[in-house]
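Peer 1: The file below is data12.cif, mmCIF, C-alpha atoms:
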data_query
#
loop_
_atom_site.label_atom_id
_atom_site.label_comp_id
_atom_site.auth_asym_id
_atom_site.auth_seq_id
_atom_site.Cartn_x
_atom_site.Cartn_y
_atom_site.Cartn_z
CA MET C 1 -100.97 76.59 38.93
CA ASP C 2 -98.75 75.61 36.06
CA PHE C 3 -100.13 76.38 32.64
CA VAL C 4 -97.11 74.90 30.85
CA SER C 5 -98.00 71.34 31.76
CA MET C 6 -101.64 71.88 30.88
CA ASP C 7 -102.98 70.23 27.77
CA SER C 8 -102.56 72.80 25.03
CA ALA C 9 -106.01 72.23 23.53
CA LEU C 10 -107.64 72.68 26.92
CA ARG C 11 -105.57 75.81 27.47
CA ALA C 12 -106.66 77.20 24.11
CA VAL C 13 -110.31 76.60 25.01
CA LEU C 14 -109.83 78.11 28.47
CA PHE C 15 -108.23 81.31 27.23
CA GLY C 16 -110.52 81.47 24.22
CA GLY C 17 -113.43 81.43 26.66
CA ILE C 18 -111.81 83.99 28.92
CA PHE C 19 -111.20 86.29 25.98
CA LEU C 20 -114.76 85.89 24.70
CA VAL C 21 -116.33 86.57 28.09
CA SER C 22 -114.14 89.63 28.55
CA LEU C 23 -114.92 90.89 25.06
CA LEU C 24 -118.65 90.38 25.44
CA ALA C 25 -118.69 92.12 28.81
CA THR C 26 -116.82 95.07 27.34
CA LEU C 27 -119.14 95.26 24.34
CA TRP C 28 -122.14 95.15 26.65
CA LEU C 29 -120.71 98.02 28.67
CA PHE C 30 -120.34 100.15 25.55
CA TYR C 31 -123.74 99.25 24.24
CA ASP C 32 -125.46 99.86 27.55
CA ALA C 33 -123.63 103.12 28.23
CA GLN C 34 -124.80 104.45 24.91
CA GLU C 35 -128.29 103.21 25.48
CA ARG C 36 -128.96 104.41 28.98
CA ARG C 37 -128.07 107.41 30.99
CA GLN C 38 -125.05 107.03 33.19
CA GLY C 39 -126.72 107.28 36.58
CA VAL C 40 -124.37 108.75 39.16
CA LEU C 41 -121.30 108.21 36.98
CA SER C 42 -119.67 111.30 35.56
CA SER C 43 -118.73 111.14 31.90
CA GLU C 44 -115.05 111.05 32.89
CA ALA C 45 -115.66 108.06 35.14
CA LEU C 46 -117.56 106.34 32.39
CA LEU C 47 -114.74 106.98 29.96
CA ALA C 48 -112.20 105.58 32.44
CA LEU C 49 -114.31 102.45 32.96
CA GLU C 50 -114.60 101.94 29.24
CA ALA C 51 -110.83 102.30 28.81
CA LEU C 52 -110.18 99.83 31.66
CA ALA C 53 -112.59 97.31 30.17
CA ILE C 54 -110.76 97.49 26.85
CA LEU C 55 -107.42 97.13 28.64
CA GLY C 56 -108.68 94.08 30.53
CA THR C 57 -109.85 92.45 27.34
CA ALA C 58 -106.56 93.24 25.62
CA LEU C 59 -104.66 91.58 28.49
CA THR C 60 -106.48 88.29 27.87
CA LEU C 61 -105.35 88.21 24.25
CA PRO C 62 -101.65 87.15 24.55
CA ALA C 63 -102.56 84.05 26.55
CA LEU C 64 -105.09 83.09 23.90
CA ILE C 65 -102.57 83.65 21.12
CA ILE C 66 -99.80 81.52 22.62
CA SER C 67 -102.30 78.80 23.48
CA ALA C 68 -104.06 78.83 20.14
CA PHE C 69 -100.86 78.72 18.15
CA ASN C 70 -99.34 76.16 20.48
CA LEU C 71 -95.90 77.75 20.40
CA ASP C 72 -92.82 75.62 20.86
CA VAL C 73 -90.79 74.86 23.96
CA SER C 74 -88.31 77.69 23.58
CA GLN C 75 -91.08 80.15 24.32
CA GLN C 76 -92.71 78.20 27.08
CA ASP C 77 -91.15 80.31 29.76
CA VAL C 78 -93.61 83.05 28.78
CA VAL C 79 -96.65 80.79 29.02
CA ASN C 80 -97.15 81.17 32.75
CA PRO C 81 -96.70 84.95 32.96
CA LEU C 82 -98.96 85.53 30.00
CA SER C 83 -101.58 83.16 31.35
CA TYR C 84 -101.65 84.95 34.68
CA LEU C 85 -101.81 88.22 32.77
CA GLY C 86 -104.87 86.85 30.97
CA LEU C 87 -106.50 85.90 34.25
CA GLY C 88 -105.72 89.38 35.57
CA GLY C 89 -107.22 90.85 32.41
CA ILE C 90 -110.57 89.19 32.78
CA ALA C 91 -110.58 90.06 36.48
CA VAL C 92 -110.13 93.74 35.54
CA THR C 93 -112.89 93.57 32.95
CA VAL C 94 -115.33 91.84 35.28
CA VAL C 95 -114.70 94.29 38.12
CA VAL C 96 -115.02 97.27 35.77
CA VAL C 97 -118.22 96.07 34.16
CA ALA C 98 -119.72 95.18 37.53
CA THR C 99 -118.83 98.63 38.84
CA TYR C 100 -120.48 100.18 35.83
CA ALA C 101 -123.56 97.99 36.16
CA VAL C 102 -124.03 99.03 39.78
CA PHE C 103 -123.41 102.76 39.45
CA SER C 104 -125.13 103.31 36.13
CA ARG C 105 -128.33 102.04 37.68
CA GLN C 106 -128.12 104.21 40.71
CA LYS C 107 -130.26 107.29 40.51
CA ALA C 108 -128.76 110.65 41.15
CA GLU C 109 -129.57 111.61 44.71
CA GLU C 110 -130.62 115.16 44.00
CA PRO C 111 -133.72 115.27 41.89
CA VAL C 112 -133.19 117.53 38.94
CA THR C 113 -135.24 120.65 39.40
CA VAL C 114 -136.55 121.61 36.07
CA LYS C 115 -138.32 124.86 36.53
CA ASP C 116 -135.76 127.19 37.98
CA GLU C 117 -132.56 126.03 36.39
CA GLU C 118 -133.75 125.50 32.91
CA PRO C 119 -132.84 128.11 30.34
CA THR C 120 -135.65 130.20 28.97
CA PRO C 121 -137.47 128.13 26.39
CA PRO C 122 -136.68 129.29 22.90
CA PRO C 123 -139.43 131.26 21.24
CA GLN C 124 -141.70 129.17 19.11
CA ILE C 125 -140.60 129.52 15.54
CA GLU C 126 -143.35 127.42 14.13
CA PRO C 127 -146.95 128.43 13.81
CA PRO C 128 -149.21 127.06 16.52
CA THR C 129 -148.66 123.38 16.97
CA GLU C 130 -151.40 120.90 16.43
CA THR C 131 -151.84 117.55 17.98
CA VAL C 132 -150.71 114.88 15.63
CA ARG C 133 -152.48 111.62 16.03
CA SER C 134 -153.18 109.17 13.32
CA TRP C 135 -156.79 108.66 14.30
CA GLU C 136 -157.53 112.31 13.74
CA GLU C 137 -157.69 111.41 10.08
CA GLU C 138 -160.20 108.68 10.73
CA GLU C 139 -162.49 111.11 12.39
CA LYS C 140 -162.47 113.32 9.37
CA THR C 141 -163.47 110.62 6.97
CA LYS C 142 -165.92 108.77 9.18
CA GLU C 143 -167.53 111.96 10.43
CA VAL C 144 -167.63 110.65 13.93
CA ARG C 145 -169.82 112.63 16.22
CA LEU C 146 -167.39 113.40 18.95
CA GLN C 147 -168.69 113.27 22.45
CA PRO C 148 -167.47 116.54 23.90
CA GLN C 149 -166.23 114.87 27.05
CA GLU C 150 -164.02 112.69 24.88
CA MET C 151 -161.94 115.60 23.72
CA ALA C 152 -159.15 115.59 26.23
CA TYR C 153 -155.54 116.63 26.18
CA LEU C 154 -152.41 116.77 28.26
CA VAL C 155 -150.36 119.95 28.23
CA LEU C 156 -146.67 119.72 29.04
CA LYS C 157 -146.07 122.34 31.69
CA SER C 158 -142.35 121.93 32.37
CA GLY C 159 -139.12 121.37 30.51
CA LEU C 160 -137.86 122.61 27.20
CA ARG C 161 -140.94 121.51 25.34
CA ALA C 162 -143.34 123.20 27.73
CA GLY C 163 -146.54 124.16 25.99
CA THR C 164 -146.77 121.02 23.88
CA ILE C 165 -150.28 119.63 23.83
CA TYR C 166 -151.11 115.95 23.36
CA ARG C 167 -154.49 114.59 22.49
CA LEU C 168 -155.63 111.61 24.53
CA GLY C 169 -156.98 108.53 22.81
CA GLN C 170 -158.68 105.39 24.10
CA ARG C 171 -155.47 104.51 25.87
CA THR C 172 -152.48 106.78 26.11
CA LEU C 173 -149.17 105.56 27.47
CA ILE C 174 -146.79 107.97 29.13
CA GLY C 175 -143.15 107.16 29.74
CA ARG C 176 -139.54 107.64 28.82
CA PRO C 177 -138.82 106.35 25.33
CA SER C 178 -136.62 103.27 25.10
CA GLU C 179 -135.41 101.17 22.20
CA GLU C 180 -138.19 98.66 22.65
CA LYS C 181 -141.04 100.98 23.51
CA SER C 182 -141.98 104.45 22.45
CA PRO C 183 -144.88 105.63 24.57
CA ASP C 184 -147.59 107.89 23.09
CA ILE C 185 -146.34 110.70 25.25
CA ALA C 186 -142.58 110.44 25.38
CA LEU C 187 -140.99 112.36 28.23
CA ASP C 188 -137.27 112.98 28.23
CA ASP C 189 -136.95 112.87 32.00
CA ASN C 190 -134.48 110.71 33.91
CA GLU C 191 -136.92 110.10 36.73
CA VAL C 192 -139.67 108.87 34.45
CA SER C 193 -139.74 105.10 34.04
CA ARG C 194 -138.68 103.73 30.70
CA GLY C 195 -141.39 102.53 28.38
CA GLU C 196 -144.46 102.67 30.57
CA HIS C 197 -144.77 104.95 33.56
CA ALA C 198 -148.47 105.70 33.57
CA SER C 199 -151.49 105.34 31.35
CA ILE C 200 -154.69 107.26 30.75
CA ARG C 201 -157.64 105.24 29.58
CA LEU C 202 -161.05 106.40 28.42
CA GLU C 203 -163.57 104.50 30.49
CA GLU C 204 -167.26 105.35 30.26
CA GLY C 205 -166.61 108.90 29.23
CA ARG C 206 -164.00 109.52 31.91
CA PHE C 207 -160.26 109.66 31.50
CA VAL C 208 -158.70 107.46 34.14
CA LEU C 209 -155.09 107.88 35.17
CA LYS C 210 -153.20 104.84 36.39
CA ASP C 211 -149.63 104.37 37.56
CA LEU C 212 -147.94 101.38 35.92
CA ASP C 213 -145.66 100.38 38.80
CA SER C 214 -143.30 103.20 38.01
CA THR C 215 -140.13 103.63 40.05
CA ASN C 216 -140.81 107.17 41.21
CA GLY C 217 -144.56 107.10 41.17
CA THR C 218 -147.24 109.24 39.58
CA TRP C 219 -148.51 112.20 41.58
CA LEU C 220 -151.39 114.60 41.57
CA LEU C 221 -150.42 118.12 42.53
CA THR C 222 -152.69 120.07 44.81
CA ASP C 223 -152.36 123.56 46.21
CA SER C 224 -151.15 122.15 49.51
CA GLY C 225 -148.84 119.45 48.23
CA ARG C 226 -149.10 116.27 46.24
CA THR C 227 -150.77 112.91 46.54
CA LYS C 228 -149.56 109.68 45.07
CA VAL C 229 -151.77 107.96 42.53
CA GLU C 230 -152.18 104.54 44.09
CA ALA C 231 -155.57 103.58 42.68
CA PRO C 232 -156.87 104.62 39.26
CA HIS C 233 -157.92 108.25 39.33
CA ALA C 234 -160.63 109.81 37.13
CA LEU C 235 -159.14 113.05 35.85
CA LYS C 236 -160.86 116.42 36.07
CA ASP C 237 -160.19 119.43 33.87
CA GLY C 238 -157.16 121.27 35.24
CA ASP C 239 -155.69 118.32 37.17
CA ARG C 240 -151.94 118.62 37.44
CA ILE C 241 -149.99 115.39 37.13
CA GLN C 242 -146.37 114.91 38.08
CA LEU C 243 -144.11 112.15 36.76
CA GLY C 244 -140.46 112.45 37.74
CA SER C 245 -139.82 116.16 37.49
CA THR C 246 -142.27 116.62 34.63
CA VAL C 247 -145.64 118.30 35.16
CA LEU C 248 -148.58 117.74 32.83
CA VAL C 249 -151.99 119.40 32.97
CA PHE C 250 -155.15 117.56 32.02
CA VAL C 251 -157.49 119.50 29.75
CA ASN C 252 -161.01 118.35 29.01
CA VAL C 253 -163.22 120.17 26.53
CA ARG C 254 -166.90 120.16 27.36
CA ARG C 255 -169.88 121.98 26.03
CA ARG C 256 -170.53 125.20 27.83
CA GLU C 257 -173.97 124.12 28.97
CA ASP C 258 -172.42 121.01 30.48
CA GLN C 259 -170.09 123.02 32.69
CA PRO C 260 -170.76 122.99 36.38
CA ALA C 261 -172.04 126.39 37.43
CA MET J 262 -149.49 126.25 8.41
CA LYS J 263 -147.08 126.44 5.52
CA ASP J 264 -145.42 129.74 6.34
CA GLU J 265 -141.96 128.56 7.28
CA THR J 266 -140.11 131.80 6.83
CA MET J 267 -142.16 133.49 9.50
CA ILE J 268 -140.21 135.49 12.03
CA ALA J 269 -140.25 133.89 15.43
CA PRO J 270 -142.72 135.53 17.75
CA VAL J 271 -141.15 137.35 20.65
CA GLY J 272 -141.81 135.92 24.08
CA GLU J 273 -142.27 132.62 25.80
CA PRO J 274 -144.62 129.97 24.50
CA THR J 275 -148.13 130.29 25.84
CA PHE J 276 -150.22 127.74 27.67
CA ALA J 277 -153.33 128.81 25.81
CA TYR J 278 -154.99 126.80 23.07
CA LEU J 279 -157.87 126.89 20.66
CA ILE J 280 -159.41 123.48 20.24
CA VAL J 281 -161.67 122.68 17.30
CA ARG J 282 -164.95 121.41 18.73
CA LYS J 283 -166.77 121.53 15.43
CA GLY J 284 -165.27 122.10 12.00
CA ASP J 285 -162.99 120.61 9.42
CA ARG J 286 -160.62 119.11 11.97
CA PRO J 287 -162.52 118.29 15.13
CA GLY J 288 -160.21 117.66 18.04
CA ALA J 289 -157.25 119.57 16.61
CA ALA J 290 -155.59 121.83 19.18
CA TYR J 291 -153.75 125.00 18.23
CA GLN J 292 -151.35 126.65 20.62
CA LEU J 293 -151.75 130.41 20.69
CA ARG J 294 -148.67 132.38 19.83
CA PRO J 295 -146.97 134.75 22.27
CA ASP J 296 -147.84 137.73 20.05
CA ILE J 297 -150.64 137.53 17.51
CA THR J 298 -152.53 134.52 16.20
CA ASN J 299 -154.54 135.07 13.04
CA ILE J 300 -157.51 132.87 12.30
CA GLY J 301 -159.06 132.57 8.86
CA ARG J 302 -159.50 130.69 5.62
CA SER J 303 -156.35 132.15 4.09
CA GLY J 304 -153.31 129.92 3.83
CA GLU J 305 -151.36 132.66 5.59
CA SER J 306 -153.42 132.30 8.74
CA HIS J 307 -151.80 130.83 11.81
CA ILE J 308 -154.95 128.85 12.37
CA ARG J 309 -156.34 127.94 9.01
CA ILE J 310 -160.01 126.99 8.90
CA ASP J 311 -161.40 125.29 5.85
CA ASP J 312 -164.95 126.63 6.05
CA GLU J 313 -166.75 128.53 3.28
CA LEU J 314 -168.44 130.77 5.83
CA VAL J 315 -165.14 131.86 7.36
CA SER J 316 -163.43 134.93 5.88
CA GLU J 317 -159.87 134.87 4.60
CA GLN J 318 -158.81 136.98 7.58
CA HIS J 319 -161.54 136.38 10.06
CA ALA J 320 -160.38 136.98 13.60
CA ARG J 321 -157.30 137.60 15.66
CA VAL J 322 -156.14 136.71 19.15
CA ARG J 323 -153.62 139.00 20.72
CA SER J 324 -151.60 137.93 23.73
CA GLU J 325 -151.32 140.43 26.56
CA GLU J 326 -149.90 140.48 30.07
CA LYS J 327 -147.01 138.25 28.99
CA GLY J 328 -149.23 135.47 27.77
CA LYS J 329 -151.61 135.55 30.73
CA GLN J 330 -154.45 137.27 28.91
CA PHE J 331 -155.79 136.85 25.39
CA LEU J 332 -157.88 139.37 23.47
CA LEU J 333 -160.10 138.19 20.65
CA SER J 334 -161.21 140.58 17.94
CA ASP J 335 -163.11 140.15 14.70
CA LEU J 336 -161.30 141.42 11.57
CA ASP J 337 -164.42 142.80 9.86
CA SER J 338 -165.34 139.33 8.72
CA THR J 339 -168.32 138.83 6.39
CA ASN J 340 -170.31 136.60 8.71
CA GLY J 341 -169.00 137.79 12.04
CA THR J 342 -167.79 135.97 15.13
CA LYS J 343 -169.78 134.84 18.15
CA VAL J 344 -168.45 134.25 21.62
CA ASN J 345 -170.60 132.02 23.82
CA GLY J 346 -173.51 132.73 21.51
CA GLN J 347 -173.13 136.51 21.62
CA ARG J 348 -172.03 138.43 18.57
CA LEU J 349 -168.57 139.82 19.13
CA GLU J 350 -168.31 143.61 18.98
CA GLY J 351 -164.92 145.10 19.67
CA LYS J 352 -162.61 143.09 21.85
CA HIS J 353 -163.25 140.19 24.17
CA VAL J 354 -160.97 138.94 26.91
CA LEU J 355 -160.99 135.17 26.50
CA GLU J 356 -161.77 132.98 29.46
CA ASP J 357 -161.28 129.27 29.89
CA ASN J 358 -163.95 127.27 28.00
CA ASP J 359 -165.11 130.25 25.92
CA GLU J 360 -166.70 129.08 22.69
CA ILE J 361 -165.80 130.98 19.57
CA GLU J 362 -168.08 130.46 16.62
CA MET J 363 -167.27 131.51 13.10
CA GLY J 364 -169.20 130.16 10.15
CA GLY J 365 -169.87 126.52 10.91
CA THR J 366 -166.79 126.20 13.04
CA VAL J 367 -166.64 126.20 16.83
CA LEU J 368 -163.37 126.69 18.68
CA VAL J 369 -162.95 126.34 22.42
CA PHE J 370 -160.45 128.45 24.32
CA LYS J 371 -158.44 126.56 26.94
CA GLN J 372 -155.79 128.00 29.20
CA VAL J 373 -153.82 126.00 31.75
#
Take the structure in the file and give it back as structure tokens.
Peer 2:
Amino acid sequence: MDFVSMDSALRAVLFGGIFLVSLLATLWLFYDAQERRQGVLSSEALLALEALAILGTALTLPALIISAFNLDVSQQDVVNPLSYLGLGGIAVTVVVVATYAVFSRQKAEEPVTVKDEEPTPPPQIEPPTETVRSWEEEEKTKEVRLQPQEMAYLVLKSGLRAGTIYRLGQRTLIGRPSEEKSPDIALDDNEVSRGEHASIRLEEGRFVLKDLDSTNGTWLLTDSGRTKVEAPHALKDGDRIQLGSTVLVFVNVRRREDQPA
Amino acid sequence: MKDETMIAPVGEPTFAYLIVRKGDRPGAAYQLRPDITNIGRSGESHIRIDDELVSEQHARVRSEEKGKQFLLSDLDSTNGTKVNGQRLEGKHVLEDNDEIEMGGTVLVFKQV
């Protein structure tokens, strides 16, 4: 293909487009890499991909410049090489970004084991933590008579924030926080789905756990193993729930006389 | 809850909580500390209870067995402490769902 004989306006549009596409793809890579975890990519690999994407974009620039400025005949012998360089540039960018897109979305094969490898949690410096929920205030002012079975909590049993207790409301969403969604219970766990992984809803005095089509599922731990939560499950005091590698314990406060013997 | 210069308690965080069933903040959950948790009306208390019938320093929970066991004792409070309806004399080893009553406040012990 001969770029010299090509209409210069068309050439300018062509390489302008190529540069824009390359630039946008590179920008997306940077934005996305910052936003999400890198999947199976090591940070060195990610860095290399980012550098290559920039290089690719840079390679598309000369072709755009000579086309846009419509340089005179004496320099036309560089038009073809630079044009091919530009094409090579966008090819590099596209391949790099595609590689990133594929690998960044691949989950690490080995599930991260939290319990054994994690450093000892730092001692609590603060006085005992309280649950912070906005509707706690409402209860104070309205003097709502709380049904004892409606006082329920989830206790974080694993990870650095083990021991944190969350109060459950009418509907509590559990998931990994993302830019768009911050769930009520935000778990910093790679294997927990972003936004919404599971929900717990108060239905007729019972707290019902439901999986929200999460990637890795929601599980109930038993002494002998674990069962997947396929259908909504009414939680009982002491139920252990696993999402990704995070374990949460359901706590329900009842009146003593209401306890099963 | 305002004591920010407090020295960090030694030990790992516990999985034991006192939950306010009845009182000024129903539904609030307090995590017990790995050493000593003081309960009372005083602002210095780890668990501060806004209840006229609760003494400034009312009761104390001490963690034992590396946070596996919790001992409740009354700190010579004016109106005393009840556990599951029984007046507390000396020490009491807390069990899951134990109800601690002081003044008009009821706390429930939960351990997971």
Peer 1: For chain J, which residue out of C:Ala45, C:Val155, C:Ala198, C:Ala234 is the nearest one, using only C-alpha atoms?
Peer 2: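 Once distances to chain J are computed over only C-alpha atoms, the minimum belongs to C:Val155.
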Peer 1: How big is the axis-aligned box, and where does its centre sit, when it encloses all atoms of region 87-94 of chain C listed in the file and has 8 Å added on every side, reported in Å to one decimal as AutoDock Vina command-line options?
Peer 2:
--center_x -110.5 --center_y 89.8 --center_z 34.4 --size_x 25.6 --size_y 23.8 --size_z 20.1
Peer 1: Step by step, work through what the PyMOL selection byres ((chain J and resi 370) around 8) selects in the shown file, and finish by giving those residues as a PyMOL selection string.
Peer 2: chain J and resi 277-280+355-361+368-369+371-372
Peer 1: Can you write out as a tab-separated table which residues of chain J fall within 6 Å of chain C, alongside each residue's closest atom pair and its distance in Å to one decimal, counting all atoms listed in the file and ordering rows by chain and ascending residue number?
Peer 2:
residue	atom	partner	partner_atom	distance
J:Ala269	CA	C:Ile125	CA	4.4
J:Gly272	CA	C:Pro123	CA	6.0
J:Glu273	CA	C:Pro123	CA	5.5
J:Phe276	CA	C:Gly163	CA	5.4
J:Ala289	CA	C:Thr131	CA	5.9
J:Ala290	CA	C:Glu130	CA	5.1
J:Tyr291	CA	C:Glu130	CA	5.1
J:Gln292	CA	C:Pro128	CA	4.6
J:Leu293	CA	C:Pro128	CA	5.9
J:His307	CA	C:Pro127	CA	5.8
Peer 1: Go through J:Pro295, J:Gly364, J:Gly288, J:Gly341 and flag the residue nearest Glu325 (chain J), using all atoms listed in the file for the distances.
Peer 2: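 For Glu325 (chain J), the nearest of the candidates is J:Pro295.
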Peer 1: Which residue gives the smallest distance to Ala98 (chain C) among C:Val247, C:Ala63, C:Ala231, C:Ala53, with only C-alpha atoms counted?
Peer 2: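 Checking each of C:Val247, C:Ala63, C:Ala231, C:Ala53 against Ala98 (chain C), counting only C-alpha atoms, the winner is C:Ala53.
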Peer 1: What separation in Å, quoted to one decimal, exists between CA of Lys343 (chain J) and CA of Arg206 (chain C)?
Peer 2: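 Distance reported for this atom pair: 29.4 Å.
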Peer 1: Determine, counting all atoms listed in the file, which protein, DNA and RNA residues have an atom within 8 Å of an atom of Gly169 (chain C); residues of the same chain fewer than 3 positions away are not included. Present the result as a list in words.
Peer 2: Thr172, Arg201 and Leu202 of chain C
Peer 1: Would you work out the distance separating CA of Leu55 (chain C) from CA of Leu29 (chain C), expressed in Å to one decimal?
Peer 2: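 Taking CA of Leu55 (chain C) and CA of Leu29 (chain C), their separation equals 13.3 Å.
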Peer 1: Selection in question (the file shown): the PyMOL selection byres ((chain C and resi 14) around 12). Which residues does it include, as a PyMOL selection string?
Peer 2: chain C and resi 3+6-13+15-21+60-61+63-65+67-68+83+86-87+90
Peer 1: Neighbourhood query: residues within 8 Å of (-159.5, 124.1, 4.5), file coordinates, counting only C-alpha atoms; return as a PyMOL selection string.
Peer 2: chain J and resi 285+302+309-312
Peer 1: Report, in Å with one decimal, the straight-line distance from CA of Thr275 (chain J) to CA of Gly328 (chain J).
Peer 2: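 Those two atoms sit 5.6 Å apart.
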Peer 1: Complete region 343-362 of chain J at the level of N, CA and C atoms, written as a PDB file, keeping the file's coordinate frame.
Peer 2:
ATOM      1  N   LYS J 343    -168.985 134.872  16.923  1.00  0.00           N
ATOM      2  CA  LYS J 343    -169.780 134.840  18.150  1.00  0.00           C
ATOM      3  C   LYS J 343    -168.925 134.271  19.269  1.00  0.00           C
ATOM      4  N   VAL J 344    -169.105 134.820  20.448  1.00  0.00           N
ATOM      5  CA  VAL J 344    -168.450 134.250  21.620  1.00  0.00           C
ATOM      6  C   VAL J 344    -169.536 133.845  22.603  1.00  0.00           C
ATOM      7  N   ASN J 345    -169.569 132.581  22.931  1.00  0.00           N
ATOM      8  CA  ASN J 345    -170.600 132.020  23.820  1.00  0.00           C
ATOM      9  C   ASN J 345    -171.998 132.434  23.364  1.00  0.00           C
ATOM     10  N   GLY J 346    -172.194 132.436  22.057  1.00  0.00           N
ATOM     11  CA  GLY J 346    -173.510 132.730  21.510  1.00  0.00           C
ATOM     12  C   GLY J 346    -173.788 134.199  21.278  1.00  0.00           C
ATOM     13  N   GLN J 347    -172.929 135.070  21.784  1.00  0.00           N
ATOM     14  CA  GLN J 347    -173.130 136.510  21.620  1.00  0.00           C
ATOM     15  C   GLN J 347    -172.251 137.022  20.487  1.00  0.00           C
ATOM     16  N   ARG J 348    -172.829 137.878  19.660  1.00  0.00           N
ATOM     17  CA  ARG J 348    -172.030 138.430  18.570  1.00  0.00           C
ATOM     18  C   ARG J 348    -170.911 139.312  19.141  1.00  0.00           C
ATOM     19  N   LEU J 349    -169.730 139.091  18.605  1.00  0.00           N
ATOM     20  CA  LEU J 349    -168.570 139.820  19.130  1.00  0.00           C
ATOM     21  C   LEU J 349    -168.498 141.219  18.538  1.00  0.00           C
ATOM     22  N   GLU J 350    -168.531 142.212  19.403  1.00  0.00           N
ATOM     23  CA  GLU J 350    -168.310 143.610  18.980  1.00  0.00           C
ATOM     24  C   GLU J 350    -167.069 144.073  19.734  1.00  0.00           C
ATOM     25  N   GLY J 351    -166.141 144.624  19.013  1.00  0.00           N
ATOM     26  CA  GLY J 351    -164.920 145.100  19.670  1.00  0.00           C
ATOM     27  C   GLY J 351    -164.071 143.941  20.145  1.00  0.00           C
ATOM     28  N   LYS J 352    -163.543 144.108  21.353  1.00  0.00           N
ATOM     29  CA  LYS J 352    -162.610 143.090  21.850  1.00  0.00           C
ATOM     30  C   LYS J 352    -163.243 142.277  22.970  1.00  0.00           C
ATOM     31  N   HIS J 353    -162.753 141.065  23.106  1.00  0.00           N
ATOM     32  CA  HIS J 353    -163.250 140.190  24.170  1.00  0.00           C
ATOM     33  C   HIS J 353    -162.063 139.520  24.851  1.00  0.00           C
ATOM     34  N   VAL J 354    -162.023 139.628  26.163  1.00  0.00           N
ATOM     35  CA  VAL J 354    -160.970 138.940  26.910  1.00  0.00           C
ATOM     36  C   VAL J 354    -161.390 137.480  27.072  1.00  0.00           C
ATOM     37  N   LEU J 355    -160.610 136.592  26.499  1.00  0.00           N
ATOM     38  CA  LEU J 355    -160.990 135.170  26.500  1.00  0.00           C
ATOM     39  C   LEU J 355    -160.850 134.565  27.885  1.00  0.00           C
ATOM     40  N   GLU J 356    -161.821 133.722  28.215  1.00  0.00           N
ATOM     41  CA  GLU J 356    -161.770 132.980  29.460  1.00  0.00           C
ATOM     42  C   GLU J 356    -161.822 131.502  29.142  1.00  0.00           C
ATOM     43  N   ASP J 357    -161.316 130.707  30.080  1.00  0.00           N
ATOM     44  CA  ASP J 357    -161.280 129.270  29.890  1.00  0.00           C
ATOM     45  C   ASP J 357    -162.673 128.762  29.486  1.00  0.00           C
ATOM     46  N   ASN J 358    -162.722 127.891  28.504  1.00  0.00           N
ATOM     47  CA  ASN J 358    -163.950 127.270  28.000  1.00  0.00           C
ATOM     48  C   ASN J 358    -164.815 128.195  27.142  1.00  0.00           C
ATOM     49  N   ASP J 359    -164.365 129.395  26.849  1.00  0.00           N
ATOM     50  CA  ASP J 359    -165.110 130.250  25.920  1.00  0.00           C
ATOM     51  C   ASP J 359    -165.256 129.545  24.583  1.00  0.00           C
ATOM     52  N   GLU J 360    -166.461 129.681  23.998  1.00  0.00           N
ATOM     53  CA  GLU J 360    -166.700 129.080  22.690  1.00  0.00           C
ATOM     54  C   GLU J 360    -166.727 130.158  21.631  1.00  0.00           C
ATOM     55  N   ILE J 361    -165.867 130.007  20.651  1.00  0.00           N
ATOM     56  CA  ILE J 361    -165.800 130.980  19.570  1.00  0.00           C
ATOM     57  C   ILE J 361    -166.400 130.335  18.333  1.00  0.00           C
ATOM     58  N   GLU J 362    -167.384 131.025  17.767  1.00  0.00           N
ATOM     59  CA  GLU J 362    -168.080 130.460  16.620  1.00  0.00           C
ATOM     60  C   GLU J 362    -167.848 131.347  15.416  1.00  0.00           C
TER      61      GLU J 362
END
